[in-house]
Number of protein chains: 2
Amino acid sequence: MAVTSRERVRAAAVKLFASKGFHGTGIRDLAQEAELSSASLYHYMGTKEDLLAEIMHTALNRLLDAAREATAGSADPVHRLRTLVALHVLAHAVGPAETRVVDNEVDILSPAAREPVVALRDAYEHLWAAAIEEGVAAGVFHTEHPAVTRLALLEMCSGVARWYSRRGPLALDQLAEHYADLVSRALGCTSAPGVADLRRCREIVAKEWGMSV
Amino acid sequence: MAVTSRERVRAAAVKLFASKGFHGTGIRDLAQEAELSSASLYHYMGTKEDLLAEIMHTALNRLLDAAREATAGSADPVHRLRTLVALHVLAHAVGPAETRVVDNEVDILSPAAREPVVALRDAYEHLWAAAIEEGVAAGVFHTEHPAVTRLALLEMCSGVARWYSRRGPLALDQLAEHYADLVSRALGCTSAPGVADLRRCREIVAKEWGMSV
DNA sequence: CAAAGGCTATCGATCGATCGATCGAACGTC
DNA sequence: GACGTTCGATCGATCGATCGATAGCCTTTG
């Protein structure tokens, strides 16, 4: 069997949670989308909330791993931040559904289930914070409030998942580069773009998110 | 009576829809928050969806009116965009709940109810688009993809509602100015900041959103 | 007393979740 | 190689709880 039932349940949950929200998606909706009975669903998941938490867990782990791999051995903070931006944008453009679930439904989780998810998100954001702060310390970035700037730029990049369409006029590479430029300029970065290693980001995204890039 | 039941129902809906989502908020939750019985709610609203649509309608109309008033008679695209940014950020910082409802729950509405809401949002975004395009045409803004840039910057500014706290270290004025600077720089604007008329924005927000600024 | 505001009680529908039962493929055993 | 056994996968039926919404009766107020 090429596609297992377990994978169909996961895919159905990502799709429906993203488009109708967690509370807007019923057990029966999931069953229909996964081509199973509602009873059979429970062979592959715990509670509905467990399913949501697991989706967030794997999605964030994937993003965190990809970011670490993409920036490994990169000492220059400008290059590192541009790489983080390109990867973030690519991931959000390639897998918008997964991303919207993670971004929009976090505080639906019970505190016990939310805590490890938030920890993963914090670990990821720390990569951004470190790059920005190093750049400021090195004098290549200029911002009065690095923490605020980081949040603003992260929101900007995450927004891609809310509007980008691969059927639109903008190719993935252009999109990623455009965002890297926006971020560089917002940080008052005068040095040459030092173009992020887009090819490497694309390969990592292709590897982690499947062949869809 | 200082606070009418009708106002309490509205406030309860904004608060709960923002924090738990539309589908995550039950009629009984609304009733408890508004200090009414669930039956009495229906004296002040149609269906639950009507209530949601009405909240979006008034919130977007308020934002659109405020933006038009703030930019009226402003010919310089740089100054106009900075004003739009400052107003947007102030509004999202002062009324994050309302804003999150508008931003996150739009596609829960039935098509018939969604259409006028989307029209309002489009009218608002057009103010941004016009300022950006005029600036590009005048050579004071520099961006390869104005439409993409507009979406990116809008997402960045709307993100304020997802993290800003007035109990944090950053005052409203600093926040608004910081975002105006981020936007100016992202657009490659070299001219002096031409600082947006913050006082005027604050007054408009205070008038439209109540005395909370 | 009429209207407005508010309540209790209740409706049918749907919710998330669980039940016992069935199917077919794999597996050992003689 | 035929046969009982086991087990993962799936099902229809149904559970108690909760959903959004309504009907009808009090109470306050002008």
# chains A, B, ... in the order shown; residues from 1 in each chain; ligands from 1
call {"tool": "residues_around", "arguments": {"residues": "stretch 3-14 of chain D", "least_positions_apart": "3", "cutoff": "9 Å", "atoms": "only C-alpha atoms (C1' of nucleotides)", "output": "PyMOL selection string"}}
result
(chain A and resi 36-37+39-40+43) or (chain C and resi 18-19+21-23+26-28)
call {"tool": "write_last_selection", "arguments": {"atoms": "N, CA and C atoms (P, O5', C5', C4', C3', O3' and C1' of nucleotides)", "output": "PDB file, in the first residue's frame"}}
result
ATOM      1  N   LEU A  36     -12.203   6.617   6.205  1.00  0.00           N
ATOM      2  CA  LEU A  36     -12.312   5.604   7.263  1.00  0.00           C
ATOM      3  C   LEU A  36     -13.614   5.874   8.019  1.00  0.00           C
ATOM      4  N   SER A  37     -13.994   4.923   8.837  1.00  0.00           N
ATOM      5  CA  SER A  37     -15.112   5.213   9.732  1.00  0.00           C
ATOM      6  C   SER A  37     -14.577   5.981  10.935  1.00  0.00           C
ATOM      7  N   ALA A  39     -14.932   5.338  13.912  1.00  0.00           N
ATOM      8  CA  ALA A  39     -14.387   4.421  14.921  1.00  0.00           C
ATOM      9  C   ALA A  39     -12.948   4.021  14.584  1.00  0.00           C
ATOM     10  N   SER A  40     -12.694   3.781  13.307  1.00  0.00           N
ATOM     11  CA  SER A  40     -11.364   3.323  12.902  1.00  0.00           C
ATOM     12  C   SER A  40     -10.294   4.380  13.130  1.00  0.00           C
ATOM     13  N   HIS A  43      -7.861   3.914  15.921  1.00  0.00           N
ATOM     14  CA  HIS A  43      -6.754   2.969  15.817  1.00  0.00           C
ATOM     15  C   HIS A  43      -5.431   3.696  15.615  1.00  0.00           C
TER      16      HIS A  43
ATOM     17  P    DT C  18     -12.340   6.832  24.636  1.00  0.00           P
ATOM     18  O5'  DT C  18     -13.379   5.633  24.512  1.00  0.00           O
ATOM     19  C5'  DT C  18     -14.577   5.689  25.275  1.00  0.00           C
ATOM     20  C4'  DT C  18     -15.484   4.538  24.898  1.00  0.00           C
ATOM     21  C3'  DT C  18     -14.771   3.193  24.731  1.00  0.00           C
ATOM     22  O3'  DT C  18     -15.375   2.240  25.596  1.00  0.00           O
ATOM     23  C1'  DT C  18     -16.238   3.611  22.916  1.00  0.00           C
ATOM     24  P    DC C  19     -14.743   0.802  25.826  1.00  0.00           P
ATOM     25  O5'  DC C  19     -15.865  -0.172  25.239  1.00  0.00           O
ATOM     26  C5'  DC C  19     -17.230   0.057  25.586  1.00  0.00           C
ATOM     27  C4'  DC C  19     -18.151  -0.668  24.609  1.00  0.00           C
ATOM     28  C3'  DC C  19     -17.652  -2.038  24.185  1.00  0.00           C
ATOM     29  O3'  DC C  19     -18.228  -3.022  25.025  1.00  0.00           O
ATOM     30  C1'  DC C  19     -18.474  -0.763  22.310  1.00  0.00           C
ATOM     31  P    DA C  21     -19.929  -9.407  20.802  1.00  0.00           P
ATOM     32  O5'  DA C  21     -19.725  -9.154  19.243  1.00  0.00           O
ATOM     33  C5'  DA C  21     -20.737  -8.488  18.499  1.00  0.00           C
ATOM     34  C4'  DA C  21     -20.300  -8.335  17.041  1.00  0.00           C
ATOM     35  C3'  DA C  21     -19.701  -9.618  16.440  1.00  0.00           C
ATOM     36  O3'  DA C  21     -20.290  -9.864  15.170  1.00  0.00           O
ATOM     37  C1'  DA C  21     -18.209  -7.788  16.159  1.00  0.00           C
ATOM     38  P    DT C  22     -20.072 -11.295  14.412  1.00  0.00           P
ATOM     39  O5'  DT C  22     -19.269 -10.865  13.105  1.00  0.00           O
ATOM     40  C5'  DT C  22     -19.664  -9.702  12.375  1.00  0.00           C
ATOM     41  C4'  DT C  22     -18.542  -9.284  11.433  1.00  0.00           C
ATOM     42  C3'  DT C  22     -17.877 -10.450  10.686  1.00  0.00           C
ATOM     43  O3'  DT C  22     -17.881 -10.162   9.301  1.00  0.00           O
ATOM     44  C1'  DT C  22     -16.247  -9.042  11.664  1.00  0.00           C
ATOM     45  P    DC C  23     -17.850 -11.386   8.225  1.00  0.00           P
ATOM     46  O5'  DC C  23     -16.528 -11.127   7.395  1.00  0.00           O
ATOM     47  C5'  DC C  23     -16.315  -9.851   6.782  1.00  0.00           C
ATOM     48  C4'  DC C  23     -14.830  -9.558   6.706  1.00  0.00           C
ATOM     49  C3'  DC C  23     -13.998 -10.692   6.126  1.00  0.00           C
ATOM     50  O3'  DC C  23     -13.696 -10.402   4.761  1.00  0.00           O
ATOM     51  C1'  DC C  23     -12.922  -9.596   7.989  1.00  0.00           C
ATOM     52  P    DA C  26      -0.018 -11.661   4.107  1.00  0.00           P
ATOM     53  O5'  DA C  26       0.482 -12.342   5.464  1.00  0.00           O
ATOM     54  C5'  DA C  26       0.894 -11.504   6.534  1.00  0.00           C
ATOM     55  C4'  DA C  26       0.976 -12.314   7.811  1.00  0.00           C
ATOM     56  C3'  DA C  26       2.033 -13.430   7.801  1.00  0.00           C
ATOM     57  O3'  DA C  26       2.888 -13.251   8.929  1.00  0.00           O
ATOM     58  C1'  DA C  26      -0.058 -14.256   8.580  1.00  0.00           C
ATOM     59  P    DC C  27       4.273 -14.092   9.044  1.00  0.00           P
ATOM     60  O5'  DC C  27       3.893 -15.221  10.093  1.00  0.00           O
ATOM     61  C5'  DC C  27       2.934 -14.938  11.114  1.00  0.00           C
ATOM     62  C4'  DC C  27       2.717 -16.187  11.956  1.00  0.00           C
ATOM     63  C3'  DC C  27       3.762 -17.267  11.710  1.00  0.00           C
ATOM     64  O3'  DC C  27       4.247 -17.739  12.942  1.00  0.00           O
ATOM     65  C1'  DC C  27       1.587 -18.152  11.439  1.00  0.00           C
ATOM     66  P    DG C  28       5.778 -18.436  12.945  1.00  0.00           P
ATOM     67  O5'  DG C  28       5.471 -19.823  13.650  1.00  0.00           O
ATOM     68  C5'  DG C  28       4.999 -19.851  14.974  1.00  0.00           C
ATOM     69  C4'  DG C  28       3.862 -20.850  15.111  1.00  0.00           C
ATOM     70  C3'  DG C  28       4.322 -22.314  15.266  1.00  0.00           C
ATOM     71  O3'  DG C  28       3.711 -22.836  16.418  1.00  0.00           O
ATOM     72  C1'  DG C  28       2.619 -22.139  13.634  1.00  0.00           C
TER      73       DG C  28
END
call {"tool": "closest_atom_pairs", "arguments": {"of": "chain A", "to": "chain C", "cutoff": "8 Å", "atoms": "only C-alpha atoms (C1' of nucleotides)", "output": "tab-separated table"}}
result
residue	atom	partner	partner_atom	distance
A:Gly26	CA	C:DC15	C1'	7.5
A:Ile27	CA	C:DG16	C1'	6.9
A:Lys48	CA	C:DG16	C1'	8.0
call {"tool": "write_last_selection", "arguments": {"atoms": "C-alpha atoms", "output": "PDB file, in the first residue's frame"}}
result
ATOM      1  CA  GLY A  26     -15.499  17.026  13.682  1.00  0.00           C
ATOM      2  CA  ILE A  27     -14.417  13.456  14.152  1.00  0.00           C
ATOM      3  CA  LYS A  48      -8.403  14.501  18.878  1.00  0.00           C
TER       4      LYS A  48
END
call {"tool": "atom_distance", "arguments": {"atom1": "atom CA of A:Gly73", "atom2": "atom CA of A:Leu120"}}
result
21.5 Å
call {"tool": "closest_atom_pairs", "arguments": {"of": "chain A", "to": "chain B", "cutoff": "10 Å", "atoms": "only C-alpha atoms", "output": "CSV"}}
result
residue,atom,partner,partner_atom,distance
A:Ser19,CA,B:Asp107,CA,8.2
A:Lys20,CA,B:Ile108,CA,7.0
A:Gly21,CA,B:His23,CA,8.1
A:Phe22,CA,B:His23,CA,8.4
A:His23,CA,B:His23,CA,5.4
A:Gly24,CA,B:His23,CA,5.6
A:Thr25,CA,B:His23,CA,9.2
A:Asn104,CA,B:Asn104,CA,7.9
A:Glu105,CA,B:Gly21,CA,9.1
A:Asp107,CA,B:Lys20,CA,7.9
A:Ile108,CA,B:Lys20,CA,6.9
A:Thr143,CA,B:His178,CA,8.8
A:Glu144,CA,B:His178,CA,8.0
A:His145,CA,B:His178,CA,8.1
A:Val148,CA,B:Leu175,CA,8.5
A:Thr149,CA,B:Leu182,CA,8.0
A:Leu151,CA,B:Trp163,CA,8.0
A:Ala152,CA,B:Met156,CA,5.3
A:Leu153,CA,B:Met156,CA,6.4
A:Leu154,CA,B:Met156,CA,7.8
A:Glu155,CA,B:Met156,CA,5.1
A:Met156,CA,B:Met156,CA,4.1
A:Cys157,CA,B:Ala152,CA,7.1
A:Ser158,CA,B:Glu155,CA,8.2
A:Gly159,CA,B:Glu155,CA,5.5
A:Val160,CA,B:Ala152,CA,7.4
A:Arg162,CA,B:Glu155,CA,9.0
A:Trp163,CA,B:Leu151,CA,8.1
A:Tyr164,CA,B:Val148,CA,9.0
A:Leu170,CA,B:Val148,CA,8.9
A:Gln174,CA,B:His145,CA,9.7
A:Leu175,CA,B:Val148,CA,8.5
A:His178,CA,B:Glu144,CA,8.0
A:Tyr179,CA,B:Ala152,CA,8.2
A:Asp181,CA,B:Ala186,CA,7.9
A:Leu182,CA,B:Ala186,CA,5.0
A:Val183,CA,B:Ala186,CA,6.9
A:Ser184,CA,B:Ala186,CA,7.8
A:Arg185,CA,B:Ala186,CA,4.9
A:Ala186,CA,B:Ala186,CA,4.5
A:Leu187,CA,B:Leu182,CA,7.5
A:Gly188,CA,B:Arg185,CA,6.8
A:Cys189,CA,B:Arg185,CA,9.6
call {"tool": "closest_atom_pairs", "arguments": {"of": "chain D", "to": "chain B", "cutoff": "12 Å", "atoms": "only C-alpha atoms (C1' of nucleotides)", "output": "JSON lines"}}
result
{"residue": "D:DT18", "atom": "C1'", "partner": "B:Gly26", "partner_atom": "CA", "distance": 9.1}
{"residue": "D:DC19", "atom": "C1'", "partner": "B:Gly26", "partner_atom": "CA", "distance": 7.5}
{"residue": "D:DG20", "atom": "C1'", "partner": "B:Ile27", "partner_atom": "CA", "distance": 7.0}
{"residue": "D:DA21", "atom": "C1'", "partner": "B:Thr47", "partner_atom": "CA", "distance": 8.4}
{"residue": "D:DT22", "atom": "C1'", "partner": "B:Ala39", "partner_atom": "CA", "distance": 8.4}
{"residue": "D:DA23", "atom": "C1'", "partner": "B:Ala39", "partner_atom": "CA", "distance": 10.5}
{"residue": "D:DG24", "atom": "C1'", "partner": "B:Ala39", "partner_atom": "CA", "distance": 11.8}
call {"tool": "atom_distance", "arguments": {"atom1": "atom CA of A:Glu49", "atom2": "atom CA of A:Ser110"}}
result
8.5 Å
call {"tool": "residues_around", "arguments": {"residues": "A:His57", "least_positions_apart": "4", "cutoff": "12 Å", "atoms": "only C-alpha atoms (C1' of nucleotides)", "output": "list in words"}}
result
Asp50, Leu51, Leu52, Ala53, Asn61, Arg62, Leu63, Leu64, Glu98, Thr99, Val101, Val102, Val106, Leu109, Ala113, Arg114, Glu115, Pro116, Val117, Val118, Ala119, Leu120 and Arg121 of chain A
call {"tool": "write_last_selection", "arguments": {"atoms": "C-alpha atoms", "output": "compact mmCIF listing (two decimals), in the first residue's frame"}}
result
# COMPACT_ATOMS: atom_id res chain seq x y z
CA ASP A 50 -3.40 14.14 20.91
CA LEU A 51 -3.57 14.20 17.15
CA LEU A 52 -3.25 17.98 17.11
CA ALA A 53 -0.33 17.96 19.51
CA ASN A 61 10.79 19.49 14.99
CA ARG A 62 11.10 19.40 11.24
CA LEU A 63 11.43 23.16 11.01
CA LEU A 64 13.94 23.28 13.85
CA GLU A 98 0.78 22.47 8.56
CA THR A 99 2.16 25.87 9.40
CA VAL A 101 -2.16 24.72 12.34
CA VAL A 102 0.99 25.33 14.35
CA VAL A 106 -1.34 26.51 19.83
CA LEU A 109 -3.91 22.73 23.66
CA ALA A 113 0.30 19.47 25.94
CA ARG A 114 1.15 23.05 25.09
CA GLU A 115 4.30 23.32 27.14
CA PRO A 116 6.60 21.12 25.01
CA VAL A 117 5.24 22.69 21.83
CA VAL A 118 6.02 26.17 23.07
CA ALA A 119 9.48 24.98 24.10
CA LEU A 120 10.13 23.85 20.52
CA ARG A 121 8.94 27.16 19.15
call {"tool": "decode", "arguments": {"residues": "stretch 10-25 of chain C", "atoms": "N, CA and C atoms (P, O5', C5', C4', C3', O3' and C1' of nucleotides)", "output": "CSV table (one decimal), in the first residue's frame"}}
result
chain,number,residue,atom,x,y,z
C,10,DT,P,-38.1,20.4,31.8
C,10,DT,O5',-37.9,20.4,30.3
C,10,DT,C5',-38.8,21.2,29.4
C,10,DT,C4',-38.1,21.4,28.1
C,10,DT,C3',-37.5,20.1,27.5
C,10,DT,O3',-38.3,19.5,26.5
C,10,DT,C1',-36.3,22.1,27.0
C,11,DC,P,-38.0,18.1,25.8
C,11,DC,O5',-37.7,18.5,24.3
C,11,DC,C5',-38.6,19.4,23.7
C,11,DC,C4',-37.9,20.0,22.4
C,11,DC,C3',-37.1,19.0,21.6
C,11,DC,O3',-37.9,18.5,20.6
C,11,DC,C1',-35.8,21.0,22.0
C,12,DG,P,-37.8,17.0,20.1
C,12,DG,O5',-36.7,17.0,18.9
C,12,DG,C5',-36.9,17.9,17.8
C,12,DG,C4',-35.6,18.3,17.2
C,12,DG,C3',-34.9,17.0,16.6
C,12,DG,O3',-34.3,17.4,15.3
C,12,DG,C1',-33.5,18.1,18.1
C,13,DA,P,-33.5,16.3,14.5
C,13,DA,O5',-32.0,16.9,14.6
C,13,DA,C5',-31.7,18.3,14.5
C,13,DA,C4',-30.3,18.6,14.7
C,13,DA,C3',-29.3,17.5,14.0
C,13,DA,O3',-28.3,18.2,13.3
C,13,DA,C1',-28.8,17.8,16.4
C,14,DT,P,-27.3,17.5,12.4
C,14,DT,O5',-26.0,17.4,13.2
C,14,DT,C5',-25.5,18.6,13.9
C,14,DT,C4',-24.5,18.3,15.0
C,14,DT,C3',-23.4,17.3,14.6
C,14,DT,O3',-22.2,17.9,14.6
C,14,DT,C1',-24.3,16.9,16.8
C,15,DC,P,-20.8,17.2,14.2
C,15,DC,O5',-20.1,17.1,15.6
C,15,DC,C5',-20.0,18.2,16.5
C,15,DC,C4',-19.5,17.8,17.9
C,15,DC,C3',-18.5,16.8,17.9
C,15,DC,O3',-17.2,17.4,17.9
C,15,DC,C1',-20.2,16.3,19.5
C,16,DG,P,-15.9,16.6,17.4
C,16,DG,O5',-15.5,15.7,18.6
C,16,DG,C5',-15.2,16.3,19.8
C,16,DG,C4',-15.0,15.3,20.9
C,16,DG,C3',-13.9,14.2,20.6
C,16,DG,O3',-13.2,13.9,21.8
C,16,DG,C1',-16.0,13.1,20.9
C,17,DA,P,-12.0,12.8,21.8
C,17,DA,O5',-12.7,11.5,22.2
C,17,DA,C5',-13.5,11.4,23.4
C,17,DA,C4',-14.3,10.1,23.5
C,17,DA,C3',-13.4,8.9,23.3
C,17,DA,O3',-13.3,8.1,24.5
C,17,DA,C1',-15.5,8.7,22.1
C,18,DT,P,-12.3,6.8,24.6
C,18,DT,O5',-13.4,5.6,24.5
C,18,DT,C5',-14.6,5.7,25.3
C,18,DT,C4',-15.5,4.5,24.9
C,18,DT,C3',-14.8,3.2,24.7
C,18,DT,O3',-15.4,2.2,25.6
C,18,DT,C1',-16.2,3.6,22.9
C,19,DC,P,-14.7,0.8,25.8
C,19,DC,O5',-15.9,-0.2,25.2
C,19,DC,C5',-17.2,0.1,25.6
C,19,DC,C4',-18.2,-0.7,24.6
C,19,DC,C3',-17.7,-2.0,24.2
C,19,DC,O3',-18.2,-3.0,25.0
C,19,DC,C1',-18.5,-0.8,22.3
C,20,DG,P,-17.5,-4.5,25.1
C,20,DG,O5',-18.2,-5.3,24.0
C,20,DG,C5',-19.6,-5.3,23.8
C,20,DG,C4',-19.9,-5.8,22.4
C,20,DG,C3',-19.3,-7.2,22.0
C,20,DG,O3',-20.3,-7.9,21.3
C,20,DG,C1',-18.6,-5.6,20.5
C,21,DA,P,-19.9,-9.4,20.8
C,21,DA,O5',-19.7,-9.2,19.2
C,21,DA,C5',-20.7,-8.5,18.5
C,21,DA,C4',-20.3,-8.3,17.0
C,21,DA,C3',-19.7,-9.6,16.4
C,21,DA,O3',-20.3,-9.9,15.2
C,21,DA,C1',-18.2,-7.8,16.2
C,22,DT,P,-20.1,-11.3,14.4
C,22,DT,O5',-19.3,-10.9,13.1
C,22,DT,C5',-19.7,-9.7,12.4
C,22,DT,C4',-18.5,-9.3,11.4
C,22,DT,C3',-17.9,-10.4,10.7
C,22,DT,O3',-17.9,-10.2,9.3
C,22,DT,C1',-16.2,-9.0,11.7
C,23,DC,P,-17.8,-11.4,8.2
C,23,DC,O5',-16.5,-11.1,7.4
C,23,DC,C5',-16.3,-9.9,6.8
C,23,DC,C4',-14.8,-9.6,6.7
C,23,DC,C3',-14.0,-10.7,6.1
C,23,DC,O3',-13.7,-10.4,4.8
C,23,DC,C1',-12.9,-9.6,8.0
C,24,DG,P,-13.2,-11.7,3.8
C,24,DG,O5',-11.6,-11.5,3.8
C,24,DG,C5',-11.1,-10.1,3.7
C,24,DG,C4',-9.6,-10.2,4.1
C,24,DG,C3',-8.8,-11.3,3.6
C,24,DG,O3',-7.5,-10.9,3.2
C,24,DG,C1',-8.7,-11.4,5.9
C,25,DA,P,-6.7,-11.7,2.0
C,25,DA,O5',-5.2,-11.6,2.5
C,25,DA,C5',-4.6,-10.4,3.0
C,25,DA,C4',-3.8,-10.6,4.2
C,25,DA,C3',-2.7,-11.6,4.1
C,25,DA,O3',-1.5,-11.0,4.5
C,25,DA,C1',-3.9,-12.1,6.0
